[in-house]
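Engineer: Next up, entry-v1.cif (mmCIF, C-alpha atoms).
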data_entry
loop_
_atom_site.group_PDB
_atom_site.id
_atom_site.type_symbol
_atom_site.label_atom_id
_atom_site.label_comp_id
_atom_site.auth_asym_id
_atom_site.auth_seq_id
_atom_site.Cartn_x
_atom_site.Cartn_y
_atom_site.Cartn_z
ATOM 1 C CA MET A 1 6.423 12.944 4.192
ATOM 2 C CA GLU A 2 5.921 10.040 6.538
ATOM 3 C CA HIS A 3 2.495 8.474 6.639
ATOM 4 C CA THR A 4 0.900 7.145 9.764
ATOM 5 C CA MET A 5 -2.102 4.969 10.174
ATOM 6 C CA PRO A 6 -4.600 5.826 12.875
ATOM 7 C CA GLN A 7 -4.344 3.375 15.735
ATOM 8 C CA ARG A 8 -7.493 2.140 17.419
ATOM 9 C CA ALA A 9 -7.226 1.475 21.108
ATOM 10 C CA VAL A 10 -10.001 -1.114 20.975
ATOM 11 C CA SER A 11 -10.620 -3.623 18.222
ATOM 12 C CA GLU A 12 -14.117 -4.171 16.943
ATOM 13 C CA PRO A 13 -15.491 -7.432 15.600
ATOM 14 C CA ILE A 14 -16.551 -7.427 11.956
ATOM 15 C CA THR A 15 -17.972 -10.100 9.696
ATOM 16 C CA ILE A 16 -16.476 -10.741 6.275
ATOM 17 C CA ARG A 17 -17.325 -13.149 3.525
ATOM 18 C CA THR A 18 -14.436 -14.573 1.558
ATOM 19 C CA ALA A 19 -13.657 -17.542 -0.634
ATOM 20 C CA LYS A 20 -10.093 -17.468 0.713
ATOM 21 C CA VAL A 21 -10.695 -19.201 4.055
ATOM 22 C CA ALA A 22 -8.684 -22.279 3.083
ATOM 23 C CA GLU A 23 -5.735 -20.128 2.015
ATOM 24 C CA ILE A 24 -5.962 -18.024 5.183
ATOM 25 C CA ASP A 25 -6.081 -21.145 7.342
ATOM 26 C CA ALA A 26 -3.172 -22.756 5.479
ATOM 27 C CA LEU A 27 -1.025 -19.670 5.985
ATOM 28 C CA ALA A 28 -2.084 -19.383 9.615
ATOM 29 C CA GLY A 29 -1.125 -23.014 10.176
ATOM 30 C CA ALA A 30 2.235 -22.633 8.431
ATOM 31 C CA MET A 31 3.008 -19.541 10.515
ATOM 32 C CA ASP A 32 1.580 -20.992 13.741
ATOM 33 C CA ARG A 33 -0.712 -17.969 13.949
ATOM 34 C CA SER A 34 -4.446 -17.511 14.209
ATOM 35 C CA ARG A 35 -6.800 -16.784 11.319
ATOM 36 C CA ASN A 36 -7.500 -13.454 13.034
ATOM 37 C CA TYR A 37 -3.788 -12.562 13.003
ATOM 38 C CA ILE A 38 -3.451 -13.330 9.280
ATOM 39 C CA VAL A 39 -6.542 -11.327 8.340
ATOM 40 C CA ASN A 40 -5.482 -8.361 10.494
ATOM 41 C CA GLN A 41 -1.969 -8.397 8.992
ATOM 42 C CA ALA A 42 -3.434 -8.485 5.490
ATOM 43 C CA ILE A 43 -5.744 -5.567 6.229
ATOM 44 C CA GLU A 44 -2.933 -3.559 7.841
ATOM 45 C CA GLN A 45 -0.609 -4.083 4.872
ATOM 46 C CA TYR A 46 -3.383 -3.210 2.413
ATOM 47 C CA LEU A 47 -4.215 0.008 4.251
ATOM 48 C CA GLU A 48 -0.547 1.025 4.538
ATOM 49 C CA ALA A 49 0.102 0.422 0.833
ATOM 50 C CA ASN A 50 -3.016 2.229 -0.308
ATOM 51 C CA THR A 51 -2.496 5.139 2.094
ATOM 52 C CA TRP A 52 1.059 5.554 0.779
ATOM 53 C CA GLN A 53 -0.184 5.415 -2.805
ATOM 54 C CA MET A 54 -2.962 7.947 -2.198
ATOM 55 C CA GLU A 55 -0.479 10.321 -0.546
ATOM 56 C CA ARG A 56 1.845 10.072 -3.569
ATOM 57 C CA ILE A 57 -1.068 10.724 -5.925
ATOM 58 C CA ARG A 58 -2.174 13.725 -3.855
ATOM 59 C CA ASP A 59 1.402 15.065 -3.796
ATOM 60 C CA GLY A 60 1.728 14.538 -7.564
ATOM 61 C CA ILE A 61 -1.495 16.396 -8.272
ATOM 62 C CA ALA A 62 -0.367 19.267 -6.031
ATOM 63 C CA ALA A 63 3.016 19.389 -7.798
ATOM 64 C CA ALA A 64 1.309 19.450 -11.213
ATOM 65 C CA ARG A 65 -0.975 22.271 -10.079
ATOM 66 C CA ASP A 66 2.133 24.179 -8.965
ATOM 67 C CA GLY A 67 3.690 23.672 -12.406
ATOM 68 C CA LYS A 68 6.351 21.281 -11.119
ATOM 69 C CA VAL A 69 6.228 19.010 -14.157
ATOM 70 C CA ALA A 70 8.629 17.830 -16.843
ATOM 71 C CA PRO A 71 7.949 16.604 -20.374
ATOM 72 C CA ALA A 72 7.654 12.806 -20.568
ATOM 73 C CA ASP A 73 10.562 12.516 -23.048
ATOM 74 C CA GLN A 74 12.820 14.341 -20.608
ATOM 75 C CA VAL A 75 11.793 12.028 -17.755
ATOM 76 C CA PHE A 76 12.285 8.876 -19.849
ATOM 77 C CA SER A 77 15.648 10.091 -21.140
ATOM 78 C CA GLY A 78 16.788 10.763 -17.583
ATOM 79 C CA ILE A 79 15.771 7.273 -16.491
ATOM 80 C CA ALA A 80 17.492 5.704 -19.505
ATOM 81 C CA ALA A 81 20.686 7.683 -18.863
ATOM 82 C CA LYS A 82 20.689 6.747 -15.185
ATOM 83 C CA HIS A 83 20.522 3.041 -16.035
ATOM 84 C CA GLY A 84 22.744 3.149 -19.122
ATOM 85 C CA TRP A 85 19.913 2.213 -21.467
ATOM 86 C CA SER A 86 20.093 3.478 -25.002
ATOM 87 C CA ARG A 87 17.030 5.156 -26.417
#
Could I get this structure in the form of structure tokens?
Structural biologist:
Amino acid sequence: MEHTMPQRAVSEPITIRTAKVAEIDALAGAMDRSRNYIVNQAIEQYLEANTWQMERIRDGIAAARDGKVAPADQVFSGIAAKHGWSR
């Protein structure tokens, strides 16, 4: 399942308080980008990662409700076998 983030046609100004201004500005300077660009990229990556994670959690809960589960020992043994680890 591919996840998509809603796209806003118009951006809206917001105010944030952070102790990371120096770090944001240093990164912006090193990348020759604006503070706004760095903050927006950070927010976008955070939302993408957390949306993906929430979708996986939702899918896992649905699979468990449908009885699509395996005992932990079986899962760990399969992982160990795949990587040639002895258990």
Engineer: Measuring between only C-alpha atoms, which one of A:Val39, A:Gly60, A:Ala30, A:Lys82 shows the shortest distance to A:Ile16?
Structural biologist: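 Going through A:Val39, A:Gly60, A:Ala30, A:Lys82 one by one, the smallest distance to A:Ile16 is for A:Val39.
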Engineer: So the first atom is atom CA of A:Val21 and the second is atom CA of A:Arg33; what is the distance between them in Å, to one decimal place?
Structural biologist: 14.1 Å
Engineer: To one decimal place, how far is atom CA of A:Ser11 from atom CA of A:Arg58 in Å?
Structural biologist: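 Going from atom CA of A:Ser11 over to atom CA of A:Arg58, I get 29.3 Å.
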Engineer: In Å to one decimal, how far is atom CA of A:Tyr46 from atom CA of A:Ala62?
Structural biologist: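 Between atom CA of A:Ala62 and atom CA of A:Tyr46 the gap is 24.2 Å.
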Engineer: Of the candidates A:Ile14, A:Ala19, A:Ala26, A:Asp66, which one gets nearest to A:Asn40 if we count all atoms listed in the file?
Structural biologist: A:Ile14
Engineer: Pick from A:Pro13, A:Trp52, A:Ala64, A:Val75: nearest to A:Asn36, with all atoms listed in the file counted?
Structural biologist: A:Pro13
Engineer: Point out the residue among A:Gly78, A:Thr15, A:Ala42, A:Lys68 with the least atom-to-atom distance to A:Leu27, counting all atoms listed in the file.
Structural biologist: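 Answer, going by the shortest atom-to-atom distance: A:Ala42.
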